[in-house]
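Student: Got a structure for you, questions after.
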Amino acid sequence: MNMRHNFGRRAKTFAAALAVGALALTGCSGGGAGSGDGGAGNGDDEIKIGVAMPTQTSERWIADGDAVKTALEDEGYTVDLQFANDDIPTQTQQIDQMITNGADILVIAAIDGTALSSQLDAAGAANIPVLSYDRLIRDNENVDFYVSFDNYKVGVAQGTALLHGLGLVDENGTEVADRPTGPLNIELFGGSPDDNNAGFFFEGAMDTIQPFIDDGTLVVQSGQTDFDTVATLRWSQEAAQKRMEDLITSTYAGGSTELAGVLSPFDGISRGVITALQGAGYGTSLEDGLPVVTGQDAEIASVKLINDGVQQSTIFKDTRTLAAQAVEAVKAMAEGNEPEANDTETYDNGVKVVPSYLLEVETIYQDNIQEKIIDSGYYTEEEVNSGVAG
Ligand code: BGC
C-alpha cells in the first residue's frame, strides 16, 4: 500500500501556483521570482522541477534533457536540469541540491537505480513527488510514477533484429521458410547491471533468440550466456570493445573463426563491438563480412553506420514522445492528480509496483531511416550523412 498522499495534499497549492504562473507568463501579474519553498508549497508563484539526467556522454540523454526542459518550460515551469557524468556521487549531490533549492517535483533518470535512497527519503519527507524517468528507481517507496518505453519489448525487438539480420525471421519475427539451419556463431552483450532496464532488454532478447539456440541454429561459442557475465557496467563503449577483443582472442582464433552476429543492447556498445570486429579483420561493412550487430537509441553516429551498411539495426526510442509523456505526468502531479498509467503490474521496484506509462519503440534498418528518422524530423539528412547531430 502506498502510504504517501502527495497528490491530494499538493493539489490546491499547485493549482494556485499554476494560475499565478500562467498570469505571470502573459504579463498580467506582478508576481516576482519565487524564493523556493522546500517542496511544501507556500504560495510561491513558480513551480520548480528538478530534472536529473545520468550523462552527456551518450547523446540520447542530452536529447532527453533538452526535450524535457523545453517542454516543461513551455508549460510555465522553472526547470533545473543537471547531468551527472555517469558518476553516482555527482548525481546524489545534484538531487540533494535540487531538494535544498526548493524543487516541487523531481524527474530522475538514475545512473544506479539503487543508489538514491537517501535522496528519495528526503523527497518523501518534503512531500516532493518523484517521477522515475526511463529507468526505474529501486528499493524505495517514494517513487510515484514511472515513464519509459516498454523495456521487455525493446529486448524482443533487438532479438528479432538479430535473427532477421541472420536470415532466420522476417522483420515481424516470423520464421523464414527456407532459413539457414546453422550452426551460426553469435555472442551476447548486456547493459549495465545497475540499470533496471538492462535486465528487461536481455530477457526480451533471450526469450526471442533462445529457441534458435535450443535447436542448434545459433551457438554462443564463448559459452557466455548469463546476464552477469555479459553485462557492461555503465554501458561503456570501451568496456564493450575490450570484451569483444578478448572474445575474439579467446574464442575466435584472433578473427579467423566465423562469427555471424552480436546482440548489443545500446549503440555505444555496438560501436565498441564493431571497432573490435573491424580491428580483427572481420570486414568493414555487412556486405564484406562484418557480423550483424544490433543496437538501441538511434544515436546519430550509429544511424550513420546503419545508413553506411556497417551496423545492422538500432531501436528507435523517440525521446520527444518520452519527454512529452513525462511532462503530462508532471502536469498531473502539479495539479494534485495521479498521472495516467497504462501499466500497473510490471514495474515492481522491490518495495512496491510503480504505476507506469510505457511507450512503443521502432526498429531501424537501413531501408527505413528515411521514413522513421528523417521524415519524422528526428535527424536531418545532413546529420545522418555526417553522423553528427546539430
Ligand atoms: C536506456 C537505454 C540506453 C541505456 C544507456 C537505458 O536505461 O533505457 O535507452 O541505451 O540506458 O544509456
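Identifiers in the C-alpha cells: chain A, B, ... in order shown; residue index from 1 per chain; ligand index from 1 in order shown.
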Which polymer residues have any atom within 9 Å of an atom of A:Gly165, counting only C-alpha atoms, with same-chain residues fewer than 5 positions away left out, as a list in words?
Tutor: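 My reading of the contact set: Thr160, Asp170, Gly261, Val292, Val293, Thr294, Gln312 and Ser313 of chain A.
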Student: Where does chain A meet ligand 1 within 9 Å, residue by residue, with the nearest atom pair and distance in Å to one decimal for each, counting only C-alpha atoms and all ligand atoms, listed by chain and rising number, as CSV?
Tutor:
residue,atom,partner,partner_atom_place_in_ligand_line,distance
A:Pro54,CA,ligand 1,12 (O),8.1
A:Thr55,CA,ligand 1,12 (O),8.1
A:Thr57,CA,ligand 1,12 (O),9.0
A:Ser58,CA,ligand 1,12 (O),6.4
A:Glu59,CA,ligand 1,12 (O),8.8
A:Arg60,CA,ligand 1,12 (O),7.0
A:Trp61,CA,ligand 1,12 (O),7.1
A:Ala109,CA,ligand 1,7 (O),8.0
A:Ala110,CA,ligand 1,7 (O),8.4
A:Ile111,CA,ligand 1,7 (O),8.3
A:Asp134,CA,ligand 1,8 (O),5.7
A:Arg135,CA,ligand 1,7 (O),5.2
A:Leu136,CA,ligand 1,7 (O),8.6
A:Ser148,CA,ligand 1,8 (O),7.6
A:Phe149,CA,ligand 1,8 (O),7.5
A:Asn151,CA,ligand 1,8 (O),7.2
A:Val154,CA,ligand 1,8 (O),8.9
A:Gly191,CA,ligand 1,4 (C),7.1
A:Ser192,CA,ligand 1,5 (C),7.8
A:Asp195,CA,ligand 1,7 (O),5.9
A:Asn196,CA,ligand 1,7 (O),7.3
A:Asn197,CA,ligand 1,7 (O),5.3
A:Ala198,CA,ligand 1,6 (C),6.7
A:Phe201,CA,ligand 1,8 (O),8.7
A:Arg234,CA,ligand 1,5 (C),7.5
A:Trp235,CA,ligand 1,5 (C),5.6
A:Ser236,CA,ligand 1,5 (C),8.7
A:Pro265,CA,ligand 1,10 (O),6.7
A:Phe266,CA,ligand 1,10 (O),4.5
A:Asp267,CA,ligand 1,10 (O),6.9
A:Gly268,CA,ligand 1,10 (O),7.9
A:Ile269,CA,ligand 1,10 (O),8.9
A:Gly295,CA,ligand 1,10 (O),8.2
A:Gln296,CA,ligand 1,10 (O),5.5
A:Asp297,CA,ligand 1,9 (O),5.4
A:Ile315,CA,ligand 1,9 (O),8.5
A:Phe316,CA,ligand 1,9 (O),8.8
A:Lys317,CA,ligand 1,9 (O),6.9
Student: Can you tell me, as number ranges by chain, what residues are no more than 9 Å from A:Asp150 when counting only C-alpha atoms, ignoring any on the same chain fewer than 6 positions away?
Tutor: A: 200, 357-361
Student: Got a sec: who's within 10 Å of stretch 175-180 of chain A, counting only C-alpha atoms, leaving out chain neighbours fewer than 5 positions off, as a PyMOL selection string?
Tutor: chain A and resi 163-164+166-170+217
Student: Determine which residues of stretch 33-102 of chain A receive a DSSP assignment of alpha helix (DSSP H), computed from the backbone, and state them as a list in words.
Tutor: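 The residues of stretch 33-102 of chain A classed as alpha helix (DSSP H) are Glu59, Arg60, Trp61, Ile62, Ala63, Asp64, Gly65, Asp66, Ala67, Val68, Lys69, Thr70, Ala71, Leu72, Glu73, Asp74, Ile88, Pro89, Thr90, Gln91, Thr92, Gln93, Gln94, Ile95, Asp96, Gln97, Met98, Ile99 and Thr100 of chain A.
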Student: Please provide the set of residues having any atom within 12 Å of A:Ser376, restricted to only C-alpha atoms, with same-chain residues fewer than 4 positions apart removed, written as a list in words.
Tutor: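 Selected residues are Phe316, Asp318, Arg320, Thr321, Asn368, Ile369, Gln370, Glu371, Lys372, Thr380 and Glu381 of chain A.
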Student: At a cut-off of 12 Å, using only C-alpha atoms, what residues contact stretch 87-97 of chain A? Leave out same-chain residues fewer than 3 positions from it and give the result as a VMD selection string.
Tutor: chain A and resid 38 49 to 57 80 to 84 100 to 103 105 to 123 126 128 130 194 234
Student: Just to confirm, what's the straight-line distance from atom CA of A:Ile300 to atom CA of A:Met244 in Å (one decimal)?
Tutor: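 Between these atoms lies a distance of 22.4 Å.
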Student: Identify all residues of stretch 25-226 of chain A in strand (DSSP E) (DSSP on the backbone) and supply them as a ChimeraX atom specification.
Tutor: /A:48-53,78-83,105-108,130-133,145-149,184-188,218-220
Student: For the residues in the current selection, export N, CA, C and O atoms as a compact mmCIF listing (two decimals), in the first residue's frame.
Tutor:
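Written file, selection23.txt:
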# COMPACT_ATOMS: atom_id res chain seq x y z
N LYS A 48 8.96 24.65 -9.38
CA LYS A 48 10.31 24.25 -9.78
C LYS A 48 10.38 22.75 -10.00
O LYS A 48 10.00 21.97 -9.12
N ILE A 49 10.90 22.39 -11.14
CA ILE A 49 11.08 20.97 -11.44
C ILE A 49 12.57 20.68 -11.53
O ILE A 49 13.28 21.28 -12.35
N GLY A 50 13.04 19.79 -10.69
CA GLY A 50 14.43 19.35 -10.79
C GLY A 50 14.49 18.17 -11.74
O GLY A 50 13.74 17.20 -11.58
N VAL A 51 15.34 18.27 -12.74
CA VAL A 51 15.46 17.19 -13.73
C VAL A 51 16.89 16.64 -13.68
O VAL A 51 17.84 17.35 -14.01
N ALA A 52 17.05 15.41 -13.22
CA ALA A 52 18.38 14.80 -13.07
C ALA A 52 18.58 13.75 -14.16
O ALA A 52 17.86 12.75 -14.21
N MET A 53 19.56 14.00 -15.04
CA MET A 53 19.86 13.07 -16.13
C MET A 53 21.23 12.43 -15.88
O MET A 53 22.10 13.05 -15.26
N THR A 78 9.60 26.24 -13.92
CA THR A 78 11.01 26.60 -13.83
C THR A 78 11.80 25.30 -13.74
O THR A 78 11.45 24.43 -12.92
N VAL A 79 12.81 25.14 -14.56
CA VAL A 79 13.49 23.84 -14.65
C VAL A 79 14.96 23.95 -14.25
O VAL A 79 15.68 24.83 -14.72
N ASP A 80 15.37 23.05 -13.37
CA ASP A 80 16.80 22.92 -13.04
C ASP A 80 17.25 21.57 -13.61
O ASP A 80 16.97 20.52 -13.05
N LEU A 81 17.92 21.63 -14.76
CA LEU A 81 18.37 20.40 -15.44
C LEU A 81 19.84 20.14 -15.13
O LEU A 81 20.68 21.02 -15.31
N GLN A 82 20.14 18.94 -14.66
CA GLN A 82 21.53 18.58 -14.33
C GLN A 82 21.90 17.24 -14.96
O GLN A 82 21.08 16.32 -14.97
N PHE A 83 23.12 17.15 -15.45
CA PHE A 83 23.68 15.89 -15.94
C PHE A 83 24.79 15.48 -14.98
O PHE A 83 25.54 16.32 -14.50
N ILE A 105 8.84 19.19 -7.74
CA ILE A 105 8.70 17.85 -8.32
C ILE A 105 10.08 17.46 -8.84
O ILE A 105 10.83 18.31 -9.33
N LEU A 106 10.42 16.18 -8.70
CA LEU A 106 11.70 15.69 -9.23
C LEU A 106 11.46 14.72 -10.38
O LEU A 106 10.59 13.84 -10.28
N VAL A 107 12.23 14.90 -11.45
CA VAL A 107 12.21 13.97 -12.59
C VAL A 107 13.62 13.38 -12.65
O VAL A 107 14.59 14.11 -12.84
N ILE A 108 13.72 12.06 -12.44
CA ILE A 108 15.07 11.49 -12.27
C ILE A 108 15.28 10.29 -13.20
O ILE A 108 14.52 9.32 -13.18
N VAL A 130 8.05 12.23 -7.01
CA VAL A 130 9.21 11.80 -7.80
C VAL A 130 8.73 11.01 -9.02
O VAL A 130 8.00 10.03 -8.90
N LEU A 131 9.18 11.48 -10.18
CA LEU A 131 8.91 10.78 -11.43
C LEU A 131 10.18 10.08 -11.87
O LEU A 131 11.21 10.72 -12.07
N SER A 132 10.11 8.78 -11.96
CA SER A 132 11.26 7.98 -12.39
C SER A 132 11.24 7.99 -13.92
O SER A 132 10.28 7.52 -14.54
N TYR A 133 12.32 8.51 -14.51
CA TYR A 133 12.33 8.76 -15.95
C TYR A 133 13.16 7.69 -16.66
O TYR A 133 14.36 7.55 -16.39
N PHE A 145 5.79 7.63 -9.88
CA PHE A 145 5.34 7.27 -11.22
C PHE A 145 6.57 6.97 -12.06
O PHE A 145 7.67 7.42 -11.77
N TYR A 146 6.35 6.18 -13.11
CA TYR A 146 7.45 5.79 -13.99
C TYR A 146 7.02 6.01 -15.43
O TYR A 146 5.94 5.55 -15.84
N VAL A 147 7.82 6.75 -16.21
CA VAL A 147 7.57 6.83 -17.66
C VAL A 147 8.76 6.22 -18.38
O VAL A 147 9.91 6.48 -18.04
N SER A 148 8.47 5.38 -19.33
CA SER A 148 9.55 4.69 -20.04
C SER A 148 9.01 4.13 -21.35
O SER A 148 7.86 4.37 -21.72
N PHE A 149 9.87 3.42 -22.03
CA PHE A 149 9.43 2.62 -23.17
C PHE A 149 9.18 1.21 -22.62
O PHE A 149 9.60 0.89 -21.51
N LEU A 184 25.33 -21.16 -36.65
CA LEU A 184 25.87 -19.82 -36.79
C LEU A 184 26.35 -19.34 -35.42
O LEU A 184 25.61 -19.43 -34.44
N ASN A 185 27.56 -18.84 -35.37
CA ASN A 185 28.09 -18.36 -34.09
C ASN A 185 27.59 -16.95 -33.78
O ASN A 185 27.60 -16.07 -34.65
N ILE A 186 27.19 -16.76 -32.53
CA ILE A 186 26.82 -15.41 -32.08
C ILE A 186 27.46 -15.17 -30.71
O ILE A 186 27.87 -16.11 -30.02
N GLU A 187 27.52 -13.88 -30.33
CA GLU A 187 27.91 -13.51 -28.97
C GLU A 187 26.89 -12.52 -28.43
O GLU A 187 26.17 -11.86 -29.20
N LEU A 188 26.85 -12.44 -27.10
CA LEU A 188 25.81 -11.65 -26.43
C LEU A 188 26.43 -10.57 -25.55
O LEU A 188 27.39 -10.83 -24.82
N LEU A 218 21.77 -21.48 -33.68
CA LEU A 218 22.71 -20.48 -33.16
C LEU A 218 23.55 -21.09 -32.05
O LEU A 218 23.05 -21.86 -31.23
N VAL A 219 24.82 -20.70 -32.02
CA VAL A 219 25.72 -21.20 -30.98
C VAL A 219 26.46 -20.01 -30.38
O VAL A 219 27.07 -19.22 -31.10
N VAL A 220 26.34 -19.87 -29.05
CA VAL A 220 27.14 -18.84 -28.38
C VAL A 220 28.47 -19.51 -28.06
O VAL A 220 28.63 -20.20 -27.05
Student: For the atom pair atom CA of A:Ser285 and atom CA of A:Gln311, what is the interatomic distance in Å to one decimal place?
Tutor: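 Interatomic distance, atom CA of A:Ser285 to atom CA of A:Gln311: 7.7 Å.
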